[in-house]
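Quick look at entry.cif (mmCIF, C-alpha atoms):
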data_protein
#
loop_
_atom_site.group_PDB
_atom_site.id
_atom_site.type_symbol
_atom_site.label_atom_id
_atom_site.label_comp_id
_atom_site.auth_asym_id
_atom_site.auth_seq_id
_atom_site.Cartn_x
_atom_site.Cartn_y
_atom_site.Cartn_z
ATOM 1 C CA MET D 1 43.259 32.506 39.328
ATOM 2 C CA ILE D 2 42.331 29.015 38.171
ATOM 3 C CA PRO D 3 42.929 26.510 40.986
ATOM 4 C CA SER D 4 45.091 23.460 40.356
ATOM 5 C CA ILE D 5 44.771 19.856 41.414
ATOM 6 C CA ASP D 6 47.188 20.727 44.233
ATOM 7 C CA ASP D 7 44.670 23.301 45.472
ATOM 8 C CA VAL D 8 41.994 20.579 45.555
ATOM 9 C CA PHE D 9 44.296 18.308 47.584
ATOM 10 C CA ALA D 10 45.033 21.228 49.925
ATOM 11 C CA ALA D 11 41.305 21.874 50.313
ATOM 12 C CA ALA D 12 40.699 18.205 51.093
ATOM 13 C CA LYS D 13 43.309 18.355 53.866
ATOM 14 C CA ARG D 14 41.960 21.681 55.175
ATOM 15 C CA ILE D 15 38.347 20.501 55.541
ATOM 16 C CA ASP D 16 39.125 16.912 56.540
ATOM 17 C CA GLY D 17 37.208 15.876 59.627
ATOM 18 C CA ALA D 18 34.767 18.777 59.375
ATOM 19 C CA VAL D 19 32.809 17.522 56.353
ATOM 20 C CA HIS D 20 31.563 14.041 55.577
ATOM 21 C CA ARG D 21 33.185 11.664 53.142
ATOM 22 C CA THR D 22 29.806 11.000 51.593
ATOM 23 C CA PRO D 23 28.663 7.517 50.565
ATOM 24 C CA ILE D 24 28.541 6.171 47.022
ATOM 25 C CA LEU D 25 25.377 4.208 46.279
ATOM 26 C CA THR D 26 24.540 1.775 43.513
ATOM 27 C CA SER D 27 21.414 -0.059 42.434
ATOM 28 C CA SER D 28 21.063 -3.085 40.147
ATOM 29 C CA THR D 29 17.657 -1.729 39.098
ATOM 30 C CA LEU D 30 19.223 1.568 38.052
ATOM 31 C CA ASN D 31 22.150 -0.162 36.369
ATOM 32 C CA ASP D 32 19.611 -2.013 34.217
ATOM 33 C CA ARG D 33 17.774 1.249 33.530
ATOM 34 C CA PHE D 34 20.964 3.073 32.472
ATOM 35 C CA GLY D 35 22.450 0.061 30.690
ATOM 36 C CA ARG D 36 25.711 0.389 32.615
ATOM 37 C CA GLU D 37 27.066 0.523 36.143
ATOM 38 C CA VAL D 38 26.297 3.851 37.799
ATOM 39 C CA PHE D 39 27.874 5.203 40.995
ATOM 40 C CA PHE D 40 25.930 7.937 42.787
ATOM 41 C CA LYS D 41 28.042 10.266 44.950
ATOM 42 C CA CYS D 42 25.540 11.296 47.630
ATOM 43 C CA GLU D 43 26.250 14.885 48.597
ATOM 44 C CA ASN D 44 22.666 15.043 49.855
ATOM 45 C CA PHE D 45 24.208 13.404 52.959
ATOM 46 C CA GLN D 46 26.810 16.165 53.293
ATOM 47 C CA LYS D 47 26.824 18.761 56.076
ATOM 48 C CA ILE D 48 23.875 21.167 55.516
ATOM 49 C CA GLY D 49 22.547 18.641 53.000
ATOM 50 C CA ALA D 50 24.601 19.721 49.975
ATOM 51 C CA PHE D 51 28.106 19.832 48.492
ATOM 52 C CA LYS D 52 28.259 23.574 49.194
ATOM 53 C CA ALA D 53 29.639 22.902 52.682
ATOM 54 C CA ARG D 54 32.943 21.872 51.093
ATOM 55 C CA GLY D 55 33.669 25.091 49.238
ATOM 56 C CA ALA D 56 32.286 27.421 51.893
ATOM 57 C CA LEU D 57 34.387 25.920 54.673
ATOM 58 C CA ASN D 58 37.513 25.830 52.521
ATOM 59 C CA ALA D 59 37.091 29.513 51.661
ATOM 60 C CA VAL D 60 36.431 30.545 55.260
ATOM 61 C CA LEU D 61 39.361 28.561 56.660
ATOM 62 C CA ASN D 62 41.636 30.134 54.055
ATOM 63 C CA LEU D 63 40.760 33.728 54.994
ATOM 64 C CA ASP D 64 43.563 35.910 56.296
ATOM 65 C CA ALA D 65 41.379 37.689 58.856
ATOM 66 C CA VAL D 66 40.142 35.564 61.751
ATOM 67 C CA SER D 67 37.354 37.751 63.149
ATOM 68 C CA ILE D 68 35.724 39.490 60.183
ATOM 69 C CA ASP D 69 32.018 38.978 59.484
ATOM 70 C CA LEU D 70 30.982 37.099 56.327
ATOM 71 C CA VAL D 71 28.421 37.892 53.626
ATOM 72 C CA THR D 72 27.191 36.225 50.465
ATOM 73 C CA HIS D 73 24.182 36.028 48.177
ATOM 74 C CA SER D 74 22.406 32.721 47.770
ATOM 75 C CA SER D 75 19.031 31.154 47.035
ATOM 76 C CA GLY D 76 19.647 28.555 49.724
ATOM 77 C CA ASN D 77 22.405 25.939 49.913
ATOM 78 C CA HIS D 78 25.460 28.189 49.737
ATOM 79 C CA GLY D 79 23.863 30.494 52.269
ATOM 80 C CA ALA D 80 23.290 27.625 54.673
ATOM 81 C CA ALA D 81 26.837 26.384 54.059
ATOM 82 C CA LEU D 82 28.360 29.777 54.789
ATOM 83 C CA ALA D 83 26.235 30.168 57.920
ATOM 84 C CA TRP D 84 27.440 26.737 59.072
ATOM 85 C CA ALA D 85 31.092 27.540 58.281
ATOM 86 C CA ALA D 86 30.817 30.921 60.004
ATOM 87 C CA ARG D 87 29.428 29.364 63.169
ATOM 88 C CA ARG D 88 32.297 26.827 63.196
ATOM 89 C CA THR D 89 34.784 29.714 63.141
ATOM 90 C CA ASN D 90 32.920 32.053 65.530
ATOM 91 C CA ARG D 91 31.907 34.567 62.890
ATOM 92 C CA ALA D 92 28.631 36.225 61.923
ATOM 93 C CA ALA D 93 27.195 35.429 58.473
ATOM 94 C CA TYR D 94 24.773 37.601 56.498
ATOM 95 C CA ILE D 95 22.980 35.919 53.630
ATOM 96 C CA ILE D 96 21.418 38.049 50.900
ATOM 97 C CA CYS D 97 18.593 35.782 49.802
ATOM 98 C CA PRO D 98 15.652 36.210 47.411
ATOM 99 C CA SER D 99 12.482 36.780 49.397
ATOM 100 C CA ASN D 100 10.712 34.197 47.206
ATOM 101 C CA ALA D 101 13.338 31.474 47.750
ATOM 102 C CA SER D 102 12.265 28.129 49.161
ATOM 103 C CA ARG D 103 11.049 28.622 52.736
ATOM 104 C CA PHE D 104 12.649 25.279 53.552
ATOM 105 C CA LYS D 105 16.063 26.616 52.480
ATOM 106 C CA ARG D 106 15.578 30.053 54.056
ATOM 107 C CA ASP D 107 14.714 28.377 57.356
ATOM 108 C CA ALA D 108 17.879 26.280 57.077
ATOM 109 C CA ILE D 109 20.030 29.421 56.746
ATOM 110 C CA VAL D 110 18.574 30.763 59.978
ATOM 111 C CA ARG D 111 18.874 27.382 61.692
ATOM 112 C CA TYR D 112 22.620 27.305 60.952
ATOM 113 C CA GLY D 113 23.017 30.778 62.430
ATOM 114 C CA GLY D 114 22.853 33.043 59.364
ATOM 115 C CA THR D 115 21.065 36.387 59.243
ATOM 116 C CA LEU D 116 18.789 36.789 56.215
ATOM 117 C CA VAL D 117 18.873 39.967 54.142
ATOM 118 C CA ASP D 118 15.999 39.961 51.640
ATOM 119 C CA CYS D 119 16.491 40.824 47.969
ATOM 120 C CA GLY D 120 14.768 40.356 44.612
ATOM 121 C CA PRO D 121 14.888 37.068 42.678
ATOM 122 C CA ASP D 122 17.439 37.718 39.906
ATOM 123 C CA ILE D 123 21.220 37.940 40.032
ATOM 124 C CA VAL D 124 21.312 41.709 39.361
ATOM 125 C CA GLN D 125 19.081 42.354 42.366
ATOM 126 C CA ARG D 126 21.215 40.035 44.506
ATOM 127 C CA GLU D 127 24.432 41.820 43.549
ATOM 128 C CA THR D 128 22.880 45.262 44.035
ATOM 129 C CA ALA D 129 21.797 44.267 47.532
ATOM 130 C CA LEU D 130 25.289 42.917 48.201
ATOM 131 C CA GLN D 131 26.947 46.191 47.205
ATOM 132 C CA GLY D 132 24.532 48.119 49.381
ATOM 133 C CA PHE D 133 25.339 45.860 52.326
ATOM 134 C CA LEU D 134 29.108 46.218 51.850
ATOM 135 C CA GLN D 135 28.799 50.001 51.767
ATOM 136 C CA GLN D 136 27.221 49.917 55.221
ATOM 137 C CA ARG D 137 29.143 47.123 56.949
ATOM 138 C CA LYS D 138 32.644 45.664 56.850
ATOM 139 C CA ALA D 139 32.507 41.996 55.889
ATOM 140 C CA ALA D 140 34.305 39.438 53.722
ATOM 141 C CA PHE D 141 32.312 38.462 50.637
ATOM 142 C CA ILE D 142 32.400 34.697 50.061
ATOM 143 C CA PRO D 143 31.074 34.153 46.512
ATOM 144 C CA PRO D 144 28.731 31.226 45.893
ATOM 145 C CA TYR D 145 30.842 29.766 43.072
ATOM 146 C CA ASP D 146 33.209 32.139 41.223
ATOM 147 C CA HIS D 147 36.215 31.920 43.547
ATOM 148 C CA GLU D 148 39.280 29.682 43.544
ATOM 149 C CA ASP D 149 38.799 28.477 47.139
ATOM 150 C CA ILE D 150 35.145 27.656 46.515
ATOM 151 C CA ILE D 151 35.984 25.746 43.328
ATOM 152 C CA ALA D 152 38.845 23.834 44.970
ATOM 153 C CA GLY D 153 36.597 22.898 47.880
ATOM 154 C CA GLN D 154 33.840 21.645 45.594
ATOM 155 C CA GLY D 155 36.420 19.590 43.716
ATOM 156 C CA THR D 156 36.995 17.453 46.807
ATOM 157 C CA ALA D 157 33.714 15.594 46.134
ATOM 158 C CA THR D 158 35.055 14.407 42.778
ATOM 159 C CA LEU D 159 38.436 13.645 44.329
ATOM 160 C CA GLU D 160 36.768 11.288 46.804
ATOM 161 C CA LEU D 161 34.621 9.657 44.146
ATOM 162 C CA LEU D 162 37.574 8.895 41.870
ATOM 163 C CA GLU D 163 39.681 7.645 44.777
ATOM 164 C CA ASP D 164 36.940 5.156 45.636
ATOM 165 C CA LYS D 165 35.805 4.346 42.082
ATOM 166 C CA PRO D 166 38.736 4.914 39.688
ATOM 167 C CA GLN D 167 36.999 2.873 36.978
ATOM 168 C CA ILE D 168 34.540 5.704 36.252
ATOM 169 C CA THR D 169 34.889 7.005 32.685
ATOM 170 C CA GLU D 170 32.324 9.823 32.836
ATOM 171 C CA LEU D 171 31.101 12.076 35.632
ATOM 172 C CA TRP D 172 27.729 13.794 35.180
ATOM 173 C CA VAL D 173 27.261 16.952 37.264
ATOM 174 C CA PRO D 174 24.670 19.744 37.466
ATOM 175 C CA ILE D 175 25.641 23.258 36.398
ATOM 176 C CA GLY D 176 24.342 26.485 37.887
ATOM 177 C CA GLY D 177 27.119 28.969 38.592
ATOM 178 C CA GLY D 178 29.622 26.294 37.597
ATOM 179 C CA GLY D 179 31.601 25.868 40.822
ATOM 180 C CA LEU D 180 30.857 22.162 41.206
ATOM 181 C CA ALA D 181 31.530 21.371 37.542
ATOM 182 C CA SER D 182 34.731 23.447 37.535
ATOM 183 C CA GLY D 183 35.981 21.695 40.652
ATOM 184 C CA ALA D 184 35.121 18.336 39.089
ATOM 185 C CA ILE D 185 37.120 19.146 35.943
ATOM 186 C CA ILE D 186 40.178 20.142 37.973
ATOM 187 C CA ALA D 187 39.925 17.189 40.374
ATOM 188 C CA ALA D 188 39.355 14.692 37.555
ATOM 189 C CA ALA D 189 42.603 15.844 35.916
ATOM 190 C CA GLU D 190 41.556 14.119 32.675
ATOM 191 C CA ARG D 191 41.057 10.765 34.419
ATOM 192 C CA CYS D 192 37.423 10.871 33.344
ATOM 193 C CA ARG D 193 35.212 13.056 31.188
ATOM 194 C CA VAL D 194 33.083 15.613 33.066
ATOM 195 C CA ILE D 195 29.659 16.226 31.509
ATOM 196 C CA GLY D 196 27.593 19.223 32.550
ATOM 197 C CA CYS D 197 23.811 19.081 32.888
ATOM 198 C CA GLU D 198 21.390 21.992 32.982
ATOM 199 C CA PRO D 199 17.642 22.697 32.893
ATOM 200 C CA GLU D 200 16.277 23.839 29.528
ATOM 201 C CA LEU D 201 14.731 26.815 31.384
ATOM 202 C CA ALA D 202 18.124 27.830 32.813
ATOM 203 C CA ARG D 203 20.366 27.082 29.841
ATOM 204 C CA ASP D 204 22.797 29.998 30.047
ATOM 205 C CA ALA D 205 25.852 27.727 30.580
ATOM 206 C CA HIS D 206 24.951 25.611 27.533
ATOM 207 C CA ASP D 207 24.441 28.691 25.364
ATOM 208 C CA SER D 208 27.483 30.518 26.754
ATOM 209 C CA LEU D 209 29.819 27.630 25.966
ATOM 210 C CA GLU D 210 28.346 27.183 22.495
ATOM 211 C CA ARG D 211 28.712 30.892 21.752
ATOM 212 C CA GLY D 212 32.111 31.263 23.393
ATOM 213 C CA ALA D 213 30.969 34.219 25.499
ATOM 214 C CA ARG D 214 29.378 34.365 28.938
ATOM 215 C CA LEU D 215 25.652 35.094 28.828
ATOM 216 C CA PRO D 216 23.393 36.308 31.664
ATOM 217 C CA ALA D 217 21.051 33.978 33.506
ATOM 218 C CA LEU D 218 17.548 33.450 32.181
ATOM 219 C CA PRO D 219 14.513 34.475 34.283
ATOM 220 C CA PRO D 220 14.304 32.167 37.336
ATOM 221 C CA SER D 221 11.552 29.772 36.276
ATOM 222 C CA SER D 222 12.982 26.239 36.675
ATOM 223 C CA ILE D 223 12.148 24.051 39.677
ATOM 224 C CA ALA D 224 15.916 23.441 39.961
ATOM 225 C CA ASP D 225 16.333 26.479 42.208
ATOM 226 C CA GLY D 226 20.007 25.741 42.848
ATOM 227 C CA LEU D 227 20.888 26.073 39.151
ATOM 228 C CA LEU D 228 19.445 29.494 38.311
ATOM 229 C CA SER D 229 22.712 31.480 38.436
ATOM 230 C CA SER D 230 24.787 32.336 35.392
ATOM 231 C CA LEU D 231 28.388 31.207 35.061
ATOM 232 C CA GLY D 232 31.019 33.446 36.584
ATOM 233 C CA ASP D 233 34.093 34.690 34.763
ATOM 234 C CA LEU D 234 36.320 32.066 36.368
ATOM 235 C CA THR D 235 33.939 29.128 36.028
ATOM 236 C CA PHE D 236 33.182 30.030 32.413
ATOM 237 C CA ASP D 237 36.917 30.096 31.679
ATOM 238 C CA ILE D 238 37.452 26.652 33.237
ATOM 239 C CA LEU D 239 34.489 25.050 31.474
ATOM 240 C CA HIS D 240 35.335 26.720 28.165
ATOM 241 C CA ARG D 241 38.986 25.623 28.249
ATOM 242 C CA ALA D 242 37.867 22.058 28.992
ATOM 243 C CA LYS D 243 35.425 22.150 26.049
ATOM 244 C CA THR D 244 32.726 20.944 28.425
ATOM 245 C CA THR D 245 29.601 19.400 26.944
ATOM 246 C CA VAL D 246 26.376 20.577 28.594
ATOM 247 C CA HIS D 247 23.172 18.567 28.132
ATOM 248 C CA LEU D 248 19.731 20.069 28.663
ATOM 249 C CA VAL D 249 16.675 18.492 30.276
ATOM 250 C CA GLU D 250 13.021 19.490 30.589
ATOM 251 C CA GLU D 251 11.191 20.083 33.855
ATOM 252 C CA ASP D 252 9.122 16.879 33.591
ATOM 253 C CA GLU D 253 12.277 14.862 32.925
ATOM 254 C CA MET D 254 13.762 16.248 36.139
ATOM 255 C CA ARG D 255 10.629 15.337 38.113
ATOM 256 C CA THR D 256 10.700 11.806 36.717
ATOM 257 C CA ALA D 257 14.395 11.417 37.578
ATOM 258 C CA MET D 258 13.870 12.744 41.095
ATOM 259 C CA ALA D 259 11.060 10.251 41.705
ATOM 260 C CA LEU D 260 13.203 7.454 40.270
ATOM 261 C CA ILE D 261 15.982 8.132 42.789
ATOM 262 C CA TRP D 262 13.519 8.381 45.669
ATOM 263 C CA GLN D 263 11.927 5.061 44.687
ATOM 264 C CA THR D 264 15.087 3.062 43.984
ATOM 265 C CA LEU D 265 17.824 4.432 46.254
ATOM 266 C CA LYS D 266 15.295 5.380 48.976
ATOM 267 C CA ILE D 267 16.924 8.781 49.485
ATOM 268 C CA VAL D 268 15.691 12.364 49.097
ATOM 269 C CA ILE D 269 17.312 14.541 46.457
ATOM 270 C CA GLU D 270 16.360 18.047 45.367
ATOM 271 C CA PRO D 271 15.460 18.989 41.768
ATOM 272 C CA SER D 272 18.964 20.293 41.007
ATOM 273 C CA SER D 273 20.374 16.855 41.869
ATOM 274 C CA ALA D 274 17.909 15.220 39.490
ATOM 275 C CA VAL D 275 19.233 17.150 36.485
ATOM 276 C CA PRO D 276 22.319 14.933 35.842
ATOM 277 C CA VAL D 277 20.214 11.825 36.480
ATOM 278 C CA ALA D 278 17.707 12.926 33.846
ATOM 279 C CA ALA D 279 20.486 13.929 31.435
ATOM 280 C CA ALA D 280 22.358 10.627 31.783
ATOM 281 C CA LEU D 281 19.125 8.736 31.119
ATOM 282 C CA LYS D 282 18.392 10.893 28.085
ATOM 283 C CA TYR D 283 21.822 11.295 26.506
ATOM 284 C CA GLY D 284 23.926 8.480 27.973
ATOM 285 C CA SER D 285 26.258 6.854 25.479
ATOM 286 C CA SER D 286 25.705 3.346 24.210
ATOM 287 C CA ASN D 287 28.917 1.910 25.694
ATOM 288 C CA SER D 288 28.809 -0.083 28.911
ATOM 289 C CA GLU D 289 31.618 1.611 30.832
ATOM 290 C CA PRO D 290 30.789 2.752 34.390
ATOM 291 C CA ILE D 291 29.830 6.353 35.110
ATOM 292 C CA GLY D 292 29.440 8.566 38.151
ATOM 293 C CA ILE D 293 26.566 10.934 38.897
ATOM 294 C CA LEU D 294 27.022 13.628 41.513
ATOM 295 C CA LEU D 295 23.847 14.082 43.562
ATOM 296 C CA SER D 296 24.487 17.646 44.662
ATOM 297 C CA GLY D 297 21.976 18.029 47.492
ATOM 298 C CA GLY D 298 18.835 16.888 49.238
ATOM 299 C CA ASN D 299 17.284 20.095 50.595
ATOM 300 C CA TYR D 300 13.778 19.708 49.276
ATOM 301 C CA MET D 301 10.314 19.663 50.737
ATOM 302 C CA PRO D 302 7.345 18.966 48.448
ATOM 303 C CA THR D 303 4.747 21.715 48.160
ATOM 304 C CA GLY D 304 2.190 21.453 50.936
ATOM 305 C CA TYR D 305 4.639 19.962 53.454
ATOM 306 C CA GLU D 306 6.733 23.023 54.244
#

Final structure tokens representation of the file:
Amino acid sequence: MIPSIDDVFAAAKRIDGAVHRTPILTSSTLNDRFGREVFFKCENFQKIGAFKARGALNAVLNLDAVSIDLVTHSSGNHGAALAWAARRTNRAAYIICPSNASRFKRDAIVRYGGTLVDCGPDIVQRETALQGFLQQRKAAFIPPYDHEDIIAGQGTATLELLEDKPQITELWVPIGGGGLASGAIIAAAERCRVIGCEPELARDAHDSLERGARLPALPPSSIADGLLSSLGDLTFDILHRAKTTVHLVEEDEMRTAMALIWQTLKIVIEPSSAVPVAAALKYGSSNSEPIGILLSGGNYMPTGYE
């Protein structure tokens, strides 16, 4: 079921006080670089370091059962978010996670109280491991993105941004499984245009929306490890109905954008967060109206420092 704007408002009330109302940063240097005023919604300062805390907590708080264990599959941020939400509600969380995922993110899952269950790197291997787990143990599956409570929770980031900066005409967001972008579309309620951004090496959302049919994820080769999932049935439907534009960026463009944010805003963002920055620099329109960019997370440690 596609969530409504009322579901986003309900999610905002449900998670209020448990998650941060994250800051919005600006920079005159970046405004000059983009040729317009840009507002950066800093979900890298969110609980667990990413927007995923919003959807995970909303989904967990909206469960009927109060004592059931939780399980999901995740390459990092959603797993950490579910572990955090489970601990807040006195539940156990099992995170099916690729064995080659970022050690930094795997360690975070454990630090927040989750139990790692290793799997292979692609989505088929994740889902196979999930089914095997559910055959052996009773638990509630909290999907990483393709669920109405997850989408409504993620939409609260956009809700906050537009409450604080109603002059925004465009919102640029990264797309992996599509939960953040879907929530943004619903929360924006046509007050601004939502533009999706994706790595060239993980372009399934772009190609799916162009073709009008959901395509599987490409092999996981982009440095944007949070954007390697394919769209779900629900998120594809939302993005397709909204006729969402998805812009593609190269790996080097993402690295340049990530360094630009580090150098100017003096904050750490992960590669997935750099994708909409790179896309807005590359494809931004020539008008001077203000835009928003959603910095989805900051869970990143350069190679050699882990």

If the PyMOL selection byres ((chain D and resi 238) around 12) were run on this exact file, what residues would it hold? Put them as a CSV table (one decimal) with C-alpha atoms, in the frame of the given file.
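Output saved as selection_8.csv:
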chain,number,residue,atom,x,y,z
D,1,MET,CA,43.3,32.5,39.3
D,2,ILE,CA,42.3,29.0,38.2
D,3,PRO,CA,42.9,26.5,41.0
D,4,SER,CA,45.1,23.5,40.4
D,146,ASP,CA,33.2,32.1,41.2
D,147,HIS,CA,36.2,31.9,43.5
D,148,GLU,CA,39.3,29.7,43.5
D,151,ILE,CA,36.0,25.7,43.3
D,177,GLY,CA,27.1,29.0,38.6
D,178,GLY,CA,29.6,26.3,37.6
D,179,GLY,CA,31.6,25.9,40.8
D,180,LEU,CA,30.9,22.2,41.2
D,181,ALA,CA,31.5,21.4,37.5
D,182,SER,CA,34.7,23.4,37.5
D,183,GLY,CA,36.0,21.7,40.7
D,184,ALA,CA,35.1,18.3,39.1
D,185,ILE,CA,37.1,19.1,35.9
D,186,ILE,CA,40.2,20.1,38.0
D,194,VAL,CA,33.1,15.6,33.1
D,205,ALA,CA,25.9,27.7,30.6
D,209,LEU,CA,29.8,27.6,26.0
D,214,ARG,CA,29.4,34.4,28.9
D,231,LEU,CA,28.4,31.2,35.1
D,232,GLY,CA,31.0,33.4,36.6
D,233,ASP,CA,34.1,34.7,34.8
D,234,LEU,CA,36.3,32.1,36.4
D,235,THR,CA,33.9,29.1,36.0
D,236,PHE,CA,33.2,30.0,32.4
D,237,ASP,CA,36.9,30.1,31.7
D,239,LEU,CA,34.5,25.0,31.5
D,240,HIS,CA,35.3,26.7,28.2
D,241,ARG,CA,39.0,25.6,28.2
D,242,ALA,CA,37.9,22.1,29.0
D,243,LYS,CA,35.4,22.2,26.0
D,244,THR,CA,32.7,20.9,28.4

Using all atoms listed in the file, which protein or nucleic acid residues come within 8 Å of range 22-27 of chain D? Drop anything in the same chain fewer than 2 positions from it, and give the result as a PDB file with C-alpha atoms, in the frame of the given file.
ATOM      1  CA  HIS D  20      31.563  14.041  55.577  1.00  0.00           C
ATOM      2  CA  THR D  29      17.657  -1.729  39.098  1.00  0.00           C
ATOM      3  CA  LEU D  30      19.223   1.568  38.052  1.00  0.00           C
ATOM      4  CA  ASN D  31      22.150  -0.162  36.369  1.00  0.00           C
ATOM      5  CA  GLU D  37      27.066   0.523  36.143  1.00  0.00           C
ATOM      6  CA  VAL D  38      26.297   3.851  37.799  1.00  0.00           C
ATOM      7  CA  PHE D  39      27.874   5.203  40.995  1.00  0.00           C
ATOM      8  CA  PHE D  40      25.930   7.937  42.787  1.00  0.00           C
ATOM      9  CA  LYS D  41      28.042  10.266  44.950  1.00  0.00           C
ATOM     10  CA  CYS D  42      25.540  11.296  47.630  1.00  0.00           C
ATOM     11  CA  GLU D  43      26.250  14.885  48.597  1.00  0.00           C
ATOM     12  CA  PHE D  45      24.208  13.404  52.959  1.00  0.00           C
ATOM     13  CA  GLN D  46      26.810  16.165  53.293  1.00  0.00           C
ATOM     14  CA  LEU D 161      34.621   9.657  44.146  1.00  0.00           C
ATOM     15  CA  THR D 264      15.087   3.062  43.984  1.00  0.00           C
ATOM     16  CA  LEU D 265      17.824   4.432  46.254  1.00  0.00           C
TER      17      LEU D 265
END

Which residue out of D:Leu215, D:Ala53, D:Leu171, D:Ile269 has the minimum interatomic distance to Pro290 in chain D when only C-alpha atoms are used?
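When distances to Pro290 in chain D are compared using only C-alpha atoms, the smallest one comes from D:Leu171.
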
Quote the spacing between CA of Ile175 in chain D and CA of His78 in chain D in Å to one decimal place.
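Result for CA of Ile175 in chain D versus CA of His78 in chain D: 14.2 Å, one decimal.
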
For the file shown, what are the residues hit by the PyMOL selection byres ((chain D and resi 15) around 9), laid out as a PDB file with C-alpha atoms, in the coordinates of the input?
ATOM      1  CA  ALA D  10      45.033  21.228  49.925  1.00  0.00           C
ATOM      2  CA  ALA D  11      41.305  21.874  50.313  1.00  0.00           C
ATOM      3  CA  ALA D  12      40.699  18.205  51.093  1.00  0.00           C
ATOM      4  CA  LYS D  13      43.309  18.355  53.866  1.00  0.00           C
ATOM      5  CA  ARG D  14      41.960  21.681  55.175  1.00  0.00           C
ATOM      6  CA  ASP D  16      39.125  16.912  56.540  1.00  0.00           C
ATOM      7  CA  GLY D  17      37.208  15.876  59.627  1.00  0.00           C
ATOM      8  CA  ALA D  18      34.767  18.777  59.375  1.00  0.00           C
ATOM      9  CA  VAL D  19      32.809  17.522  56.353  1.00  0.00           C
ATOM     10  CA  ARG D  54      32.943  21.872  51.093  1.00  0.00           C
ATOM     11  CA  LEU D  57      34.387  25.920  54.673  1.00  0.00           C
ATOM     12  CA  ASN D  58      37.513  25.830  52.521  1.00  0.00           C
ATOM     13  CA  LEU D  61      39.361  28.561  56.660  1.00  0.00           C
ATOM     14  CA  GLY D 153      36.597  22.898  47.880  1.00  0.00           C
TER      15      GLY D 153
END

Write out as a ChimeraX atom specification which residues come within 10 Å of Lys138 in chain D when counting all atoms listed in the file, dropping same-chain ones fewer than 3 positions away.
/D:68-71,133-135,141

What does the distance between CA of Pro98 in chain D and CA of Ile293 in chain D come to in Å, to one decimal place?
28.8 Å

Atom pair CA of Asp122 in chain D + CA of Ala101 in chain D, distance 10.8 Å

For the file shown, what are the residues hit by the PyMOL selection byres ((chain D and resi 123) around 12), laid out as a PyMOL selection string?
chain D and resi 73-75+96-98+119-122+124-130+144+177+216-220+227-232

Find the residues near Glu198 in chain D: any atom within 8 Å, counting only C-alpha atoms, skip ones fewer than 4 places away on the same chain, and give them as a list in words.
Pro174, Ile175, Gly176, Ala202, Arg203, Ala205, His206, Leu227, Val246, His247, Leu248, Val249, Val275 and Pro276 of chain D

Which residue gives the smallest distance to Ala80 in chain D among D:Ala259, D:Ala157, D:Ala280, D:Ala50, with all atoms listed in the file counted?
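Of all the options, D:Ala50 lies closest to Ala80 in chain D.
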
Would you list the contacts of Gly76 in chain D as an MDAnalysis selection string, taking every protein, DNA or RNA residue within 12 Å and counting all atoms listed in the file, but skipping same-chain residues closer than 2 positions in sequence?
chainID D and resid 48:50 52:53 72:74 78:83 95:110 112 114 116 144 224:228 270 297:300

Grab all the atoms of range 31-42 of chain D that the file lists, wrap them in a box along x, y and z, add 4 Å per side, and give me centre plus edge lengths in Å (one decimal) as lines of an AutoDock Vina configuration file.
center_x = 22.9
center_y = 4.6
center_z = 39.2
size_x = 18.3
size_y = 21.3
size_z = 24.9

Taking 2 positions as the minimum chain separation for residues in the same chain, which residues sit within 9 Å of Leu162 in chain D when counting only C-alpha atoms? Answer as JSON, numbers by chain.
{"D": [157, 158, 159, 160, 164, 165, 166, 167, 168, 187, 188, 191, 192, 292]}

Which is closer to Leu281 in chain D than all the others in D:Phe9, D:Leu63, D:Phe34, D:Ala140, using all atoms listed in the file?
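Ranked by minimum distance to Leu281 in chain D, first place goes to D:Phe34.
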
Counting all atoms listed in the file, which of D:Glu200, D:Asp6, D:Glu170, D:Asp252 gets nearest to Glu289 in chain D?
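Residue with the minimum atom-to-atom distance to Glu289 in chain D: D:Glu170.
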
Given the choices D:Ser296, D:Asn62, D:Gln131, D:Ser67, which gets closest to Asp149 in chain D if the distance is worked out from all atoms listed in the file?
D:Asn62

Nearest candidate to Arg33 in chain D (options D:Val8, D:Met301, D:Ala86, D:Val277; using all atoms listed in the file):
D:Val277
